[in-house]
file data38.pdb (PDB, C-alpha atoms)
ATOM      1  CA  PRO E  12       1.247  10.766  -5.685  1.00  0.00           C
ATOM      2  CA  THR E  13       4.240  12.788  -6.783  1.00  0.00           C
ATOM      3  CA  PHE E  14       6.770   9.929  -6.825  1.00  0.00           C
ATOM      4  CA  LYS E  15       9.405  12.342  -5.453  1.00  0.00           C
ATOM      5  CA  PHE E  16      11.103   9.758  -3.241  1.00  0.00           C
ATOM      6  CA  GLU E  17      10.676   6.965  -5.759  1.00  0.00           C
ATOM      7  CA  ASN E  18      12.368   9.097  -8.431  1.00  0.00           C
ATOM      8  CA  GLU E  19      15.295   9.916  -6.155  1.00  0.00           C
ATOM      9  CA  PHE E  20      15.882   6.257  -5.291  1.00  0.00           C
ATOM     10  CA  SER E  21      15.191   5.032  -8.829  1.00  0.00           C
ATOM     11  CA  LEU E  22      18.134   7.082 -10.094  1.00  0.00           C
ATOM     12  CA  LYS E  23      20.283   4.985  -7.734  1.00  0.00           C
ATOM     13  CA  GLY E  24      18.734   1.728  -8.922  1.00  0.00           C
ATOM     14  CA  GLU E  25      16.660   1.328  -5.747  1.00  0.00           C
ATOM     15  CA  LEU E  26      13.024   0.159  -5.570  1.00  0.00           C
ATOM     16  CA  VAL E  27      10.579   1.818  -3.146  1.00  0.00           C
ATOM     17  CA  VAL E  28       7.370   0.312  -1.740  1.00  0.00           C
ATOM     18  CA  GLY E  29       4.549   2.234  -0.062  1.00  0.00           C
ATOM     19  CA  VAL E  30       3.000   0.565   3.011  1.00  0.00           C
ATOM     20  CA  ASP E  31      -0.190   1.446   4.895  1.00  0.00           C
ATOM     21  CA  GLU E  32      -2.521  -0.269   7.331  1.00  0.00           C
ATOM     22  CA  ALA E  33      -6.227  -0.480   7.968  1.00  0.00           C
ATOM     23  CA  GLY E  34      -7.738  -1.601  11.227  1.00  0.00           C
ATOM     24  CA  CYS E  35      -5.372  -0.030  13.722  1.00  0.00           C
ATOM     25  CA  GLY E  36      -8.218   1.751  15.533  1.00  0.00           C
ATOM     26  CA  PRO E  37     -11.182  -0.644  15.613  1.00  0.00           C
ATOM     27  CA  TRP E  38     -12.493  -2.326  18.721  1.00  0.00           C
ATOM     28  CA  ALA E  39     -12.250  -5.818  17.260  1.00  0.00           C
ATOM     29  CA  GLY E  40     -10.823  -7.628  14.283  1.00  0.00           C
ATOM     30  CA  PRO E  41      -7.430  -8.031  12.666  1.00  0.00           C
ATOM     31  CA  VAL E  42      -5.083  -5.334  11.440  1.00  0.00           C
ATOM     32  CA  VAL E  43      -4.429  -5.544   7.689  1.00  0.00           C
ATOM     33  CA  ALA E  44      -1.668  -3.861   5.692  1.00  0.00           C
ATOM     34  CA  ALA E  45      -0.902  -3.417   2.018  1.00  0.00           C
ATOM     35  CA  ALA E  46       2.467  -2.915   0.364  1.00  0.00           C
ATOM     36  CA  VAL E  47       2.328  -1.354  -3.105  1.00  0.00           C
ATOM     37  CA  ILE E  48       4.907  -0.716  -5.789  1.00  0.00           C
ATOM     38  CA  ILE E  49       3.821   1.476  -8.703  1.00  0.00           C
ATOM     39  CA  ASP E  50       5.648   1.540 -12.012  1.00  0.00           C
ATOM     40  CA  GLN E  51       5.099   5.210 -12.700  1.00  0.00           C
ATOM     41  CA  ASP E  52       5.879   4.846 -16.401  1.00  0.00           C
ATOM     42  CA  LEU E  53       2.754   2.691 -16.772  1.00  0.00           C
ATOM     43  CA  PHE E  54       0.576   4.483 -14.218  1.00  0.00           C
ATOM     44  CA  ASP E  55      -2.013   6.547 -16.097  1.00  0.00           C
ATOM     45  CA  ASP E  56      -3.430   9.917 -15.046  1.00  0.00           C
ATOM     46  CA  GLU E  57      -6.944   8.596 -14.417  1.00  0.00           C
ATOM     47  CA  LEU E  58      -5.708   6.163 -11.766  1.00  0.00           C
ATOM     48  CA  ARG E  59      -3.339   8.755 -10.338  1.00  0.00           C
ATOM     49  CA  GLU E  60      -6.335  11.007  -9.625  1.00  0.00           C
ATOM     50  CA  GLY E  61      -8.237   8.113  -8.062  1.00  0.00           C
ATOM     51  CA  VAL E  62      -5.563   7.274  -5.508  1.00  0.00           C
ATOM     52  CA  LYS E  63      -4.689  10.750  -4.258  1.00  0.00           C
ATOM     53  CA  ASP E  64      -7.062  10.386  -1.324  1.00  0.00           C
ATOM     54  CA  SER E  65      -9.429   7.431  -1.393  1.00  0.00           C
ATOM     55  CA  LYS E  66     -11.322   8.771   1.627  1.00  0.00           C
ATOM     56  CA  LYS E  67     -12.583  11.634  -0.541  1.00  0.00           C
ATOM     57  CA  LEU E  68     -14.118   9.236  -3.050  1.00  0.00           C
ATOM     58  CA  VAL E  69     -17.663   7.961  -2.798  1.00  0.00           C
ATOM     59  CA  ARG E  70     -17.807   4.224  -2.148  1.00  0.00           C
ATOM     60  CA  SER E  71     -18.787   3.242  -5.714  1.00  0.00           C
ATOM     61  CA  LYS E  72     -15.914   5.261  -7.222  1.00  0.00           C
ATOM     62  CA  ARG E  73     -13.456   3.888  -4.650  1.00  0.00           C
ATOM     63  CA  GLU E  74     -14.515   0.326  -5.511  1.00  0.00           C
ATOM     64  CA  ASP E  75     -14.174   1.079  -9.228  1.00  0.00           C
ATOM     65  CA  VAL E  76     -10.641   2.419  -8.724  1.00  0.00           C
ATOM     66  CA  TYR E  77      -9.783  -0.656  -6.618  1.00  0.00           C
ATOM     67  CA  LYS E  78     -10.948  -3.043  -9.357  1.00  0.00           C
ATOM     68  CA  LYS E  79      -8.774  -1.227 -11.886  1.00  0.00           C
ATOM     69  CA  LEU E  80      -5.741  -1.078  -9.600  1.00  0.00           C
ATOM     70  CA  ILE E  81      -5.544  -4.758  -8.725  1.00  0.00           C
ATOM     71  CA  ILE E  82      -5.281  -5.773 -12.392  1.00  0.00           C
ATOM     72  CA  HIS E  83      -3.296  -2.788 -13.684  1.00  0.00           C
ATOM     73  CA  PRO E  84       0.158  -3.692 -15.081  1.00  0.00           C
ATOM     74  CA  SER E  85       1.800  -0.808 -13.204  1.00  0.00           C
ATOM     75  CA  ILE E  86       0.827  -2.194  -9.777  1.00  0.00           C
ATOM     76  CA  GLN E  87       2.454  -4.867  -7.657  1.00  0.00           C
ATOM     77  CA  TYR E  88       0.994  -5.415  -4.227  1.00  0.00           C
ATOM     78  CA  GLY E  89       1.132  -7.657  -1.195  1.00  0.00           C
ATOM     79  CA  ILE E  90      -1.354  -7.984   1.660  1.00  0.00           C
ATOM     80  CA  GLY E  91      -0.458  -8.852   5.245  1.00  0.00           C
ATOM     81  CA  GLU E  92      -2.550  -9.432   8.333  1.00  0.00           C
ATOM     82  CA  ALA E  93      -2.051  -9.760  12.075  1.00  0.00           C
ATOM     83  CA  SER E  94      -4.785 -11.614  13.919  1.00  0.00           C
ATOM     84  CA  VAL E  95      -6.718 -10.537  16.987  1.00  0.00           C
ATOM     85  CA  GLN E  96      -4.668 -13.052  18.978  1.00  0.00           C
ATOM     86  CA  GLU E  97      -1.414 -11.508  17.711  1.00  0.00           C
ATOM     87  CA  ILE E  98      -2.700  -8.033  18.595  1.00  0.00           C
ATOM     88  CA  ASP E  99      -3.510  -9.214  22.124  1.00  0.00           C
ATOM     89  CA  GLN E 100      -0.148 -10.929  22.452  1.00  0.00           C
ATOM     90  CA  LEU E 101       2.087  -8.245  20.915  1.00  0.00           C
ATOM     91  CA  ASN E 102       0.095  -4.960  21.245  1.00  0.00           C
ATOM     92  CA  ILE E 103      -1.428  -3.032  18.359  1.00  0.00           C
ATOM     93  CA  GLY E 104       1.779  -1.214  17.384  1.00  0.00           C
ATOM     94  CA  LYS E 105       3.878  -4.355  17.038  1.00  0.00           C
ATOM     95  CA  ALA E 106       1.018  -6.245  15.401  1.00  0.00           C
ATOM     96  CA  THR E 107       0.674  -3.435  12.855  1.00  0.00           C
ATOM     97  CA  ARG E 108       4.373  -3.643  12.010  1.00  0.00           C
ATOM     98  CA  LEU E 109       4.023  -7.433  11.716  1.00  0.00           C
ATOM     99  CA  ALA E 110       1.138  -7.032   9.249  1.00  0.00           C
ATOM    100  CA  MET E 111       3.209  -4.523   7.273  1.00  0.00           C
ATOM    101  CA  ALA E 112       6.214  -6.851   7.181  1.00  0.00           C
ATOM    102  CA  ARG E 113       3.986  -9.672   5.960  1.00  0.00           C
ATOM    103  CA  ALA E 114       2.589  -7.424   3.231  1.00  0.00           C
ATOM    104  CA  VAL E 115       6.103  -6.607   1.996  1.00  0.00           C
ATOM    105  CA  GLN E 116       7.036 -10.311   2.127  1.00  0.00           C
ATOM    106  CA  ASN E 117       4.005 -11.081  -0.056  1.00  0.00           C
ATOM    107  CA  LEU E 118       5.299  -8.924  -2.918  1.00  0.00           C
ATOM    108  CA  ASN E 119       6.790 -10.690  -5.936  1.00  0.00           C
ATOM    109  CA  ILE E 120       9.858  -8.469  -5.664  1.00  0.00           C
ATOM    110  CA  GLU E 121      12.049  -7.253  -2.814  1.00  0.00           C
ATOM    111  CA  PRO E 122      12.117  -3.465  -2.401  1.00  0.00           C
ATOM    112  CA  SER E 123      15.109  -1.496  -1.193  1.00  0.00           C
ATOM    113  CA  PHE E 124      13.130   0.990   0.891  1.00  0.00           C
ATOM    114  CA  ALA E 125       9.639   1.389   2.315  1.00  0.00           C
ATOM    115  CA  LEU E 126       7.585   4.542   2.713  1.00  0.00           C
ATOM    116  CA  VAL E 127       5.276   3.852   5.654  1.00  0.00           C
ATOM    117  CA  ASP E 128       2.117   5.896   6.238  1.00  0.00           C
TER     118      ASP E 128
END

call {"tool": "encode", "arguments": {"input": "data38.pdb", "output": "structure tokens"}}
result
Amino acid sequence: PTFKFENEFSLKGELVVGVDEAGCGPWAGPVVAAAVIIDQDLFDDELREGVKDSKKLVRSKREDVYKKLIIHPSIQYGIGEASVQEIDQLNIGKATRLAMARAVQNLNIEPSFALVD
């Protein structure tokens, strides 16, 4: 990550969260989202390399990076989920946004802006 947007907003005293989902395309199961805030002053280069594109990492390396991220002092995160029933009731697009909103609500801090992938 370059932190370009985060830097711009940080100068104004604003906090930015990144939000992404998993499960938007499967045939069954819930949609899950994560909201992540990274304190770039504490975020080391090794982790920065590991999160550039997790899909390019082999599973064992991806799991290793995950274990480091969830306990790293530079990371705050929230997880949100929308159930199969909510997907059926709302549609996948609205259920995805619901999961993302829940992820942001599960943070310990309220961001000013969200970057949504």

call {"tool": "atom_distance", "arguments": {"input": "data38.pdb", "atom1": "atom CA of E:Ala44", "atom2": "atom CA of E:Glu32"}}
result
4.0 Å

call {"tool": "residues_around", "arguments": {"input": "data38.pdb", "residues": "E:Leu109", "least_positions_apart": "4", "cutoff": "9 Å", "atoms": "only C-alpha atoms", "output": "short mmCIF file (atom, residue, chain, number, x, y, z; two decimals) with C-alpha atoms, keeping the file's coordinate frame"}}
result
data_model
loop_
_atom_site.label_atom_id
_atom_site.label_comp_id
_atom_site.auth_asym_id
_atom_site.auth_seq_id
_atom_site.Cartn_x
_atom_site.Cartn_y
_atom_site.Cartn_z
CA GLY E 91 -0.46 -8.85 5.24
CA GLU E 92 -2.55 -9.43 8.33
CA ALA E 93 -2.05 -9.76 12.08
CA GLY E 104 1.78 -1.21 17.38
CA LYS E 105 3.88 -4.36 17.04
CA ARG E 113 3.99 -9.67 5.96
CA ALA E 114 2.59 -7.42 3.23
#

call {"tool": "resolve_selection", "arguments": {"input": "data38.pdb", "expression": "the PyMOL selection byres ((chain E and resi 25) around 12)", "output": "PyMOL selection string"}}
result
chain E and resi 16-24+26-28+48+120-125

call {"tool": "resolve_selection", "arguments": {"input": "data38.pdb", "expression": "the PyMOL selection byres ((chain E and resi 42) around 12)", "output": "ChimeraX atom specification"}}
result
/E:31-41,43-45,90-99,102-111,113-114

call {"tool": "closest_residue", "arguments": {"input": "data38.pdb", "among": "E:His83, E:Lys66, E:Val30, E:Asp75", "to": "E:Phe54", "atoms": "all atoms listed in the file"}}
result
E:His83

call {"tool": "axis_aligned_box", "arguments": {"input": "data38.pdb", "around": "stretch 87-102 of chain E", "padding_each_side": "5 Å", "output": "lines of an AutoDock Vina configuration file"}}
result
center_x = -2.1
center_y = -9.0
center_z = 7.4
size_x = 19.2
size_y = 18.2
size_z = 40.1

call {"tool": "atom_distance", "arguments": {"input": "data38.pdb", "atom1": "atom CA of E:Val76", "atom2": "atom CA of E:Val47"}}
result
14.6 Å

call {"tool": "atom_distance", "arguments": {"input": "data38.pdb", "atom1": "atom CA of E:Val69", "atom2": "atom CA of E:Tyr88"}}
result
23.0 Å

call {"tool": "resolve_selection", "arguments": {"input": "data38.pdb", "expression": "the PyMOL selection byres ((chain E and resi 51) around 10)", "output": "number ranges by chain"}}
result
E: 12-14, 17-18, 48-50, 52-55, 59, 85-86

call {"tool": "residues_near_point", "arguments": {"input": "data38.pdb", "point": "(-11.7, 4.5, -15.0)", "cutoff": "9 Å", "atoms": "all atoms listed in the file", "output": "list of chain:residue names"}}
result
E:Glu57, E:Leu58, E:Gly61, E:Lys72, E:Asp75, E:Val76, E:Lys79

call {"tool": "decode", "arguments": {"input": "data38.pdb", "residues": "stretch 82-96 of chain E", "atoms": "N, CA, C and O atoms", "output": "compact mmCIF listing (two decimals), in the first residue's frame"}}
result
# COMPACT_ATOMS: atom_id res chain seq x y z
N ILE E 82 -2.16 -9.41 15.35
CA ILE E 82 -1.62 -9.01 16.65
C ILE E 82 -0.69 -7.80 16.56
O ILE E 82 -0.20 -7.32 17.57
N HIS E 83 -0.48 -7.30 15.35
CA HIS E 83 0.47 -6.20 15.15
C HIS E 83 -0.12 -4.90 15.71
O HIS E 83 -1.29 -4.58 15.50
N PRO E 84 0.69 -4.10 16.43
CA PRO E 84 0.18 -2.87 17.04
C PRO E 84 -0.24 -1.80 16.03
O PRO E 84 -0.94 -0.86 16.41
N SER E 85 0.13 -1.95 14.77
CA SER E 85 -0.24 -0.93 13.78
C SER E 85 -1.62 -1.20 13.17
O SER E 85 -2.12 -0.38 12.41
N ILE E 86 -2.23 -2.33 13.51
CA ILE E 86 -3.47 -2.76 12.85
C ILE E 86 -4.65 -2.71 13.81
O ILE E 86 -4.60 -3.22 14.92
N GLN E 87 -5.73 -2.08 13.34
CA GLN E 87 -7.03 -2.18 13.98
C GLN E 87 -7.98 -2.74 12.93
O GLN E 87 -7.97 -2.28 11.79
N TYR E 88 -8.78 -3.71 13.32
CA TYR E 88 -9.68 -4.28 12.33
C TYR E 88 -11.02 -4.66 12.94
O TYR E 88 -11.15 -4.87 14.14
N GLY E 89 -12.02 -4.70 12.07
CA GLY E 89 -13.35 -5.18 12.43
C GLY E 89 -13.82 -6.13 11.36
O GLY E 89 -13.47 -5.98 10.18
N ILE E 90 -14.60 -7.12 11.75
CA ILE E 90 -15.15 -8.11 10.82
C ILE E 90 -16.66 -7.98 10.85
O ILE E 90 -17.27 -7.82 11.91
N GLY E 91 -17.27 -8.07 9.67
CA GLY E 91 -18.73 -8.05 9.57
C GLY E 91 -19.20 -9.15 8.65
O GLY E 91 -18.47 -9.58 7.76
N GLU E 92 -20.41 -9.60 8.86
CA GLU E 92 -20.96 -10.70 8.07
C GLU E 92 -22.42 -10.45 7.77
O GLU E 92 -23.14 -9.87 8.58
N ALA E 93 -22.85 -10.88 6.59
CA ALA E 93 -24.27 -10.93 6.25
C ALA E 93 -24.60 -12.38 5.94
O ALA E 93 -23.88 -13.04 5.17
N SER E 94 -25.65 -12.87 6.54
CA SER E 94 -26.00 -14.29 6.43
C SER E 94 -26.61 -14.63 5.08
O SER E 94 -27.00 -13.74 4.30
N VAL E 95 -26.72 -15.91 4.83
CA VAL E 95 -27.38 -16.40 3.61
C VAL E 95 -28.81 -15.86 3.55
O VAL E 95 -29.28 -15.44 2.49
N GLN E 96 -29.49 -15.86 4.69
CA GLN E 96 -30.86 -15.35 4.73
C GLN E 96 -30.91 -13.86 4.36
O GLN E 96 -31.82 -13.43 3.64
